[in-house]
Amino acid sequence: MTRLPVSYLLTIPVALLALAPVFVLFEMAGDAVGLFDAHNLQVITNTLLLMFLTALGAALIGVPLALLTAYVRLPLHRLWLVLLAAPLAIPSYIGAFTLYAAVGPGGEIENLFGLRTPRIDGLFGTALIMALYTYPFVMLTTRASLCSLDASLVNAARTLGMSLPLSLLRVVLPRVVTAIAAGSLLAALYALSDFGTPAIMGLDTFTRMIYVEYNAFGLSQAAMLSLQLMTVVLLVLFLESRVAGTAERPGRRLSLWPGRGQVLLMLLAVLPVILLAIVLPLLVFTLWLVRDGAGDFDFSYAWNSTYASLLAAGVAVVVAVPVAHAAISGRCGRLMERLTYLGFGVPGIVMGTALVYVGLKLPFLYQTLALLVLAYVMRFLPLAVGSIRSSAEGLDGSLVRAARVLGASPGEAFRRVTLPLTLRGMLAGAALVFLEAMRELPATLMLGPTGFETLATYLWRVYEAGYFGRAAIPGLLLVLMSALGLALMLSGERRAEFDVREEASH
Amino acid sequence: MLRVSNLSVSYAKIPVISGFDLALGADEILMLVGPTGCGKTTILQALAGLVPIASGEIRLGEWCATPANRVAPEKRNVGMVFQDFALFPHLSVEQNIGFRLKDTTQVERWLSLLGLEALRRAKPATLSGGQKQRVALARTLAHEPAFVLLDEPLSNLDAALKDSLRWEIRQALKAAGVPAIWVTHDQQEALSVGDRVGILNHGRLEQLDTPENCFSRPASRFVARFLGEAGFLPGEQQPGGWVTTSLGEAQCRPIDGASGALDVLVRPDDLVLSRAGFGDGDDDISGNGRISWVRYEGGSRLFAVKLDDGAELAVRAGHEVHGEPGDRVQLALDSGEPLAAFSRDG
């Protein structure tokens with residue numbers, strides 16, 4: 001085939017744009033003062049330690065929960081699964097903020113109950129919060145892998161006299177190591193790129209230091225730090241691409257039948273996770289709402305969030321359609337699609353730094369909403385591409401060929417066959433981008449036009465100013481958004497399960 | 001000795017097995033057979049402790065499992081052979097067989113008894129289906145279980161391999177001297193390998209007896225049909241253990257005290273078929289039935305014959321006997337032993 005698919009022509013600029021932030025950062029870092037100093041070393045150590053502890057913590061919480069939800073028939077099984085996956089949908093800065101406000105001297109727990117609790121902050125506090133909000137990555141990847149394993153190997157080991165815990169350790173876990181690794185790397189990636197949590201917990205990581213430099217007008221220094229952070233991110237991404245599972249023939253899923261008492265014990269063990277990750281934030285925000293009321297919260301903040309996120313979602317879908325189709329139509333397109341995924345790996349704060357510089361160089365973009373929307377689109381485009389691609393992949397190529405044979409032009413075939421059939425994926429993609437953009441903090445802080453306050457930035461300013469009580473409404477709204485996102489994700493998962501079942505019954 | 005009394009198993013409150021009783025002799029092989037979904041695998045899983053039981057008890061030597069007192073699978077000293085073999089993919093044949101053993105004498109014994117010595121260092125992925133099944137069996141027996149459960153051990157194998165391997169497994173079980181419960185859906189396998197056969201239907205045991213008795217004295221029409229080609233011929237009971245049918249008189253054995261109007265169980269080998277007179281025209285009134293279909297089986301032919309009084313029976317005849325659907329034939333009863341007879345309305 002000599003003619004390039006139309007989708008390629010539209011995808012090439014998108015792919016190039018995805019690479020742009022890296023070049024911009026190199027350009028910016030050109031006049032940085034020094035490459036390294038002692039504090040820089042401390043930042044690297046903190047970041048790496050945080051990444052390691054987060055991945056470890058996420059695995060320690062996620063793997064037992066995966067075993068529990070995959071193999072034990074819990075009462076209200078679906079509810080537990082939703083609750084346990086929920087922290088993934090809540091931005092961790094909300095957890096960090098509320099935990100910070102709740103414990104320690106002068107915290108809400110002491111105010112309410114007179115109970116003295118130790119302050120939780122620094123490396124431990126950051127890693128704790130990160131693990132609490134990233135363990136679902138591990139739980140979900142591991143659970144999926146566990147569910148596909150055939151039960152008879154475990155049953156064989158047990159009938160040969162091996163105890164259940166030992167069988168799980170020796171016979172089951174070795175077969176899901178890659179899934180655990182994949183989930184832990186996702187957690188590590190999150191730990192690298194999150195800005196709010198270490199900032200609130202007072203841990204000097206790359207993201208926090210970049211923001212400090214940015215505020216001190218040290219853009220070139222921020223760019224230098226950004227590049228260092230990107231190096232670590234690329235390393236993790238590389239590791240992730242190397243994680244390859246050995247495919248095993250799927251079979252009947254193992255079912256364990258613990259007694260009533262044992263189930264109760266297991267659920268009790270799960271409770272602290274749900275209490276800390278979900279109940280605590282809700283309680284603290286509710287407490288503030290009751291005590292301080294709405295404060296000076298202006299609903300224009302919510303509207304600003306919605307408006308910018310809607311724009312981002314719309315643009316992302318329009319851009320994602322050709323990228324998704326290019327990805328399906330050939331190897332070259334697949335490569336370009338991979339390039340756009342780079343944006344997802346670029347931490348928000350890094351994207352912010354790069355685009356602030358672009359705004360300074362291109363005055364017509366400076367302090368405009370367009371620049372913020374651009375940042376959102378570049379970061380969250382992969383979400384839209386992924387969901388459109390998976391719906392388009394399910395599309396049988398013969399349908400388009402049938403339309404062509406009936407006399408439709410490629411354009412007409414796309415408009416009348418492909419488009420309606422992939423509409424669902426487009427809506428899902430748009431919704432995912434919308435929800436992510438609503439919660440995005442650092443890029444919004446750096447790129448929002450003056451006076452353009454969103455839910456996330458308002459929450460941040462309230463934290464910085466120390467008027468915690470005013471965080472109630474934006475906090476609750478953000479949690480609500482998260483719940484919507486979760487419902488969306490799970491409905492997608494259910495659809496996928498349904499599809500599988502349909503195929504199996506054929 | 002394994003004793004099971006009044007065992008019931010439910011999945012999500014739906015009973016799968018109910019009122020199952022069993023006592024297994026010292027080295028007895030019991031075949032559990034039944035159609036798909038009759039609960040035979042569930043029984044094995046309950047005996048192994050892999051699913052909880054709803055009522056009843058399972059007792060073996062020093063342990064006794066009840067709904068309240070669950071005994072973990074690893075505490076039951078049970079051996080289990082799985083349909084998909086369940087060999088540990090990362091271990092060699094030798095390591096699989098000696099999975100939990102410190103002493104390797106049993107490993108060596110079973111390697112040699114089952115002819116696996118040449119394969120001792122092979123990984124399961126490189127083995128053929130028959131070899132995998134031998135390794136699985138060796139692994140189970142080397143751990144010296146108190147009883148063995150086999151869950152359709154031959155269903156993943158080629159037909160040609162099944163015949164020889166089923167006998168090999170029987171010999172190995174006898175050599176080990178352990179009682180075994182062997183689940184299958186193949187009635188040939190059930191009749192040829194087991195010391196006793198249990199026929200399951202909808203989670204209930206319909207009959208538990210020797211293969212001969214199950215076949216010639218089935219406890220129900222279901223058992224009769226399940227174990228082989230079965231036709232039912234209406235007849236009237238006569239004194240002295242006789243029954244009169246449209247094919248003449250025969251000795252019968254009423255099942256469950258059946259009397260009066262009977263349906264006599266007639267298997268293809270209880271009948272002889274002969275060609276009726278000359279000419280196959282419609283006006284020919286000789287013979288007592290008409291062929292409805294013929295199946296060639298190699299050494300024999302199976303004919304289905306629709307009798308003039310309405311019953312349809314299958315009869316096996318030598319391969320040299322020819323006949324086409326529509327031909328008139330003469331059927332006669334020829335059985336060496338009394339025929340089982342069921343009450344007409346039962």
# chains A, B, ... in the order shown; residues from 1 in each chain; ligands from 1
>>> interface_residues(of="chain A", to="chain B", cutoff="6 Å", atoms="only C-alpha atoms", output="PyMOL selection string")
chain A and resi 152-153+158-159+161-163
>>> residues_around(residues="stretch 112-120 of chain A", least_positions_apart="4", cutoff="10 Å", atoms="only C-alpha atoms", output="list in words")
Ala96, Leu99, Tyr100, Ala101, Ala102, Val103, Gly104, Pro105, Gly106, Gly107, Glu108, Phe124, Gly125, Thr126, Leu128, Ile129 and Met201 of chain A
>>> write_last_selection(atoms="C-alpha atoms", output="tab-separated table (two decimals), in the first residue's frame")
chain	number	residue	atom	x	y	z
A	96	ALA	CA	-3.20	13.67	52.49
A	99	LEU	CA	-5.17	12.97	57.31
A	100	TYR	CA	-2.88	15.93	57.90
A	101	ALA	CA	-5.77	17.87	59.37
A	102	ALA	CA	-7.08	14.97	61.44
A	103	VAL	CA	-4.09	13.64	63.33
A	104	GLY	CA	-1.27	15.13	65.29
A	105	PRO	CA	-1.24	17.89	67.90
A	106	GLY	CA	-4.12	20.28	67.27
A	107	GLY	CA	-5.66	17.90	64.72
A	108	GLU	CA	-9.38	17.27	64.50
A	124	PHE	CA	6.35	7.87	56.20
A	125	GLY	CA	3.19	9.95	55.91
A	126	THR	CA	3.59	10.46	52.16
A	128	LEU	CA	1.34	5.76	53.73
A	129	ILE	CA	-1.09	8.01	51.87
A	201	MET	CA	3.08	16.02	53.91
>>> atom_distance(atom1="atom CA of A:Leu268", atom2="atom CA of B:Ile53")
25.6 Å
>>> select_by_dssp(residues="stretch 93-259 of chain B", states="helix (DSSP H, G or I)", output="MDAnalysis selection string")
chainID B and resid 93:97 105:113 117:119 124:126 129:142 159:176 187:193 211:216 221:227 255:257
>>> residues_around(residues="stretch 359-368 of chain A", least_positions_apart="5", cutoff="12 Å", atoms="only C-alpha atoms", output="PyMOL selection string")
chain A and resi 24+27-28+219+308+352-354+373-375+444-452
>>> write_last_selection(atoms="C-alpha atoms", output="CSV table (one decimal), in the first residue's frame")
chain,number,residue,atom,x,y,z
A,24,VAL,CA,10.9,22.6,25.7
A,27,GLU,CA,15.6,24.4,25.9
A,28,MET,CA,14.7,25.9,29.3
A,219,LEU,CA,12.1,28.3,35.7
A,308,ALA,CA,-12.2,23.8,31.5
A,352,GLY,CA,2.9,22.8,33.8
A,353,THR,CA,6.6,23.9,33.8
A,354,ALA,CA,7.0,23.3,30.1
A,373,VAL,CA,-6.8,23.0,28.1
A,374,LEU,CA,-3.8,22.1,26.0
A,375,ALA,CA,-2.0,20.8,29.1
A,444,THR,CA,-4.0,23.9,36.9
A,445,LEU,CA,-2.2,25.9,39.6
A,446,MET,CA,0.6,26.9,37.2
A,447,LEU,CA,-1.4,27.5,34.1
A,448,GLY,CA,-4.8,28.7,35.2
A,449,PRO,CA,-5.4,32.4,34.1
A,450,THR,CA,-5.2,34.9,36.9
A,451,GLY,CA,-8.4,34.7,39.0
A,452,PHE,CA,-9.4,31.4,37.4
>>> residues_around(residues="A:Leu56", least_positions_apart="4", cutoff="9 Å", atoms="only C-alpha atoms", output="PyMOL selection string")
chain A and resi 51-52+60-61+131+184+188
>>> decode(residues="stretch 358-494 of chain A", atoms="C-alpha atoms", output="mmCIF file, in the first residue's frame")
data_model
loop_
_atom_site.group_PDB
_atom_site.id
_atom_site.type_symbol
_atom_site.label_atom_id
_atom_site.label_comp_id
_atom_site.auth_asym_id
_atom_site.auth_seq_id
_atom_site.Cartn_x
_atom_site.Cartn_y
_atom_site.Cartn_z
ATOM 1 C CA VAL A 358 5.707 28.161 26.135
ATOM 2 C CA GLY A 359 3.269 30.798 27.410
ATOM 3 C CA LEU A 360 6.155 33.159 28.111
ATOM 4 C CA LYS A 361 7.593 32.655 24.621
ATOM 5 C CA LEU A 362 4.261 32.833 22.772
ATOM 6 C CA PRO A 363 2.470 35.807 24.316
ATOM 7 C CA PHE A 364 -0.841 35.065 22.597
ATOM 8 C CA LEU A 365 -1.088 31.918 24.747
ATOM 9 C CA TYR A 366 0.109 33.525 27.966
ATOM 10 C CA GLN A 367 -2.388 33.214 30.807
ATOM 11 C CA THR A 368 -5.098 31.862 28.547
ATOM 12 C CA LEU A 369 -7.543 29.065 29.146
ATOM 13 C CA ALA A 370 -6.334 27.553 25.878
ATOM 14 C CA LEU A 371 -2.952 26.791 27.410
ATOM 15 C CA LEU A 372 -4.552 25.036 30.391
ATOM 16 C CA VAL A 373 -6.810 23.004 28.118
ATOM 17 C CA LEU A 374 -3.770 22.113 26.016
ATOM 18 C CA ALA A 375 -2.026 20.820 29.126
ATOM 19 C CA TYR A 376 -5.056 18.722 30.055
ATOM 20 C CA VAL A 377 -5.357 17.321 26.557
ATOM 21 C CA MET A 378 -1.673 16.419 26.335
ATOM 22 C CA ARG A 379 -1.756 14.689 29.694
ATOM 23 C CA PHE A 380 -5.036 12.833 29.430
ATOM 24 C CA LEU A 381 -5.215 12.156 25.699
ATOM 25 C CA PRO A 382 -4.134 8.514 26.222
ATOM 26 C CA LEU A 383 -7.270 7.879 28.299
ATOM 27 C CA ALA A 384 -9.450 8.932 25.385
ATOM 28 C CA VAL A 385 -7.297 7.116 22.829
ATOM 29 C CA GLY A 386 -7.363 3.905 24.859
ATOM 30 C CA SER A 387 -11.099 3.789 25.265
ATOM 31 C CA ILE A 388 -11.793 4.740 21.643
ATOM 32 C CA ARG A 389 -9.234 2.244 20.385
ATOM 33 C CA SER A 390 -10.686 -0.637 22.371
ATOM 34 C CA SER A 391 -14.169 0.082 21.075
ATOM 35 C CA ALA A 392 -12.858 0.461 17.521
ATOM 36 C CA GLU A 393 -10.849 -2.752 17.794
ATOM 37 C CA GLY A 394 -14.031 -4.614 18.579
ATOM 38 C CA LEU A 395 -15.349 -3.347 15.278
ATOM 39 C CA ASP A 396 -15.299 -5.948 12.587
ATOM 40 C CA GLY A 397 -13.398 -4.675 9.574
ATOM 41 C CA SER A 398 -15.832 -6.439 7.308
ATOM 42 C CA LEU A 399 -18.543 -3.964 8.295
ATOM 43 C CA VAL A 400 -16.596 -1.093 6.762
ATOM 44 C CA ARG A 401 -15.776 -3.233 3.732
ATOM 45 C CA ALA A 402 -19.450 -4.082 3.388
ATOM 46 C CA ALA A 403 -20.296 -0.372 3.375
ATOM 47 C CA ARG A 404 -17.605 0.268 0.763
ATOM 48 C CA VAL A 405 -18.873 -2.529 -1.451
ATOM 49 C CA LEU A 406 -22.342 -1.044 -1.196
ATOM 50 C CA GLY A 407 -20.851 2.081 -2.736
ATOM 51 C CA ALA A 408 -19.977 4.310 0.230
ATOM 52 C CA SER A 409 -16.838 6.445 0.079
ATOM 53 C CA PRO A 410 -14.297 5.987 2.906
ATOM 54 C CA GLY A 411 -15.609 9.157 4.491
ATOM 55 C CA GLU A 412 -19.190 8.038 4.315
ATOM 56 C CA ALA A 413 -18.318 4.596 5.647
ATOM 57 C CA PHE A 414 -16.562 6.215 8.591
ATOM 58 C CA ARG A 415 -19.417 8.608 9.266
ATOM 59 C CA ARG A 416 -22.213 6.072 8.928
ATOM 60 C CA VAL A 417 -20.628 2.840 10.228
ATOM 61 C CA THR A 418 -17.478 3.376 12.261
ATOM 62 C CA LEU A 419 -18.532 6.515 14.061
ATOM 63 C CA PRO A 420 -21.882 5.311 15.432
ATOM 64 C CA LEU A 421 -20.345 2.026 16.532
ATOM 65 C CA THR A 422 -17.490 3.688 18.400
ATOM 66 C CA LEU A 423 -19.603 6.443 19.913
ATOM 67 C CA ARG A 424 -19.755 4.610 23.190
ATOM 68 C CA GLY A 425 -15.979 4.459 23.471
ATOM 69 C CA MET A 426 -15.777 8.146 22.641
ATOM 70 C CA LEU A 427 -18.225 9.063 25.381
ATOM 71 C CA ALA A 428 -16.390 6.879 27.888
ATOM 72 C CA GLY A 429 -13.072 8.421 26.861
ATOM 73 C CA ALA A 430 -14.491 11.931 27.150
ATOM 74 C CA ALA A 431 -15.842 11.160 30.597
ATOM 75 C CA LEU A 432 -12.494 9.816 31.794
ATOM 76 C CA VAL A 433 -10.647 12.894 30.545
ATOM 77 C CA PHE A 434 -13.271 15.133 32.103
ATOM 78 C CA LEU A 435 -12.958 13.508 35.512
ATOM 79 C CA GLU A 436 -9.160 13.515 35.482
ATOM 80 C CA ALA A 437 -9.076 17.163 34.449
ATOM 81 C CA MET A 438 -11.501 18.075 37.234
ATOM 82 C CA ARG A 439 -9.066 16.699 39.807
ATOM 83 C CA GLU A 440 -5.812 17.851 38.230
ATOM 84 C CA LEU A 441 -3.936 20.094 40.656
ATOM 85 C CA PRO A 442 -0.384 21.195 39.741
ATOM 86 C CA ALA A 443 -0.843 22.070 36.060
ATOM 87 C CA THR A 444 -4.018 23.937 36.948
ATOM 88 C CA LEU A 445 -2.179 25.867 39.647
ATOM 89 C CA MET A 446 0.573 26.890 37.232
ATOM 90 C CA LEU A 447 -1.391 27.501 34.056
ATOM 91 C CA GLY A 448 -4.806 28.748 35.203
ATOM 92 C CA PRO A 449 -5.379 32.366 34.117
ATOM 93 C CA THR A 450 -5.218 34.892 36.928
ATOM 94 C CA GLY A 451 -8.357 34.698 39.040
ATOM 95 C CA PHE A 452 -9.402 31.440 37.450
ATOM 96 C CA GLU A 453 -10.055 29.355 40.537
ATOM 97 C CA THR A 454 -11.131 25.709 40.238
ATOM 98 C CA LEU A 455 -12.178 23.195 42.889
ATOM 99 C CA ALA A 456 -8.701 21.726 43.080
ATOM 100 C CA THR A 457 -6.831 25.019 43.174
ATOM 101 C CA TYR A 458 -9.265 26.457 45.722
ATOM 102 C CA LEU A 459 -8.667 23.424 47.922
ATOM 103 C CA TRP A 460 -4.951 24.048 47.600
ATOM 104 C CA ARG A 461 -5.158 27.753 48.470
ATOM 105 C CA VAL A 462 -7.322 26.949 51.480
ATOM 106 C CA TYR A 463 -4.684 24.487 52.615
ATOM 107 C CA GLU A 464 -1.870 26.983 52.058
ATOM 108 C CA ALA A 465 -3.747 29.701 53.892
ATOM 109 C CA GLY A 466 -4.597 27.317 56.728
ATOM 110 C CA TYR A 467 -8.378 27.894 56.541
ATOM 111 C CA PHE A 468 -9.024 24.168 56.445
ATOM 112 C CA GLY A 469 -12.733 24.487 57.246
ATOM 113 C CA ARG A 470 -13.384 26.095 53.895
ATOM 114 C CA ALA A 471 -12.247 22.963 52.097
ATOM 115 C CA ALA A 472 -15.487 21.153 52.922
ATOM 116 C CA ILE A 473 -17.493 21.881 49.797
ATOM 117 C CA PRO A 474 -14.749 21.612 47.172
ATOM 118 C CA GLY A 475 -13.501 18.493 48.953
ATOM 119 C CA LEU A 476 -16.891 16.814 48.974
ATOM 120 C CA LEU A 477 -17.504 17.819 45.355
ATOM 121 C CA LEU A 478 -14.181 16.286 44.342
ATOM 122 C CA VAL A 479 -15.008 13.067 46.188
ATOM 123 C CA LEU A 480 -18.379 13.034 44.442
ATOM 124 C CA MET A 481 -16.614 13.431 41.101
ATOM 125 C CA SER A 482 -14.399 10.508 42.058
ATOM 126 C CA ALA A 483 -17.433 8.383 42.843
ATOM 127 C CA LEU A 484 -18.841 9.187 39.408
ATOM 128 C CA GLY A 485 -15.546 8.231 37.815
ATOM 129 C CA LEU A 486 -15.530 4.960 39.696
ATOM 130 C CA ALA A 487 -19.078 4.141 38.625
ATOM 131 C CA LEU A 488 -18.046 4.811 35.056
ATOM 132 C CA MET A 489 -14.974 2.608 35.301
ATOM 133 C CA LEU A 490 -16.925 -0.236 36.854
ATOM 134 C CA SER A 491 -19.723 -0.061 34.319
ATOM 135 C CA GLY A 492 -17.011 -0.403 31.688
ATOM 136 C CA GLU A 493 -15.610 -3.394 33.536
ATOM 137 C CA ARG A 494 -19.009 -5.008 33.769
#
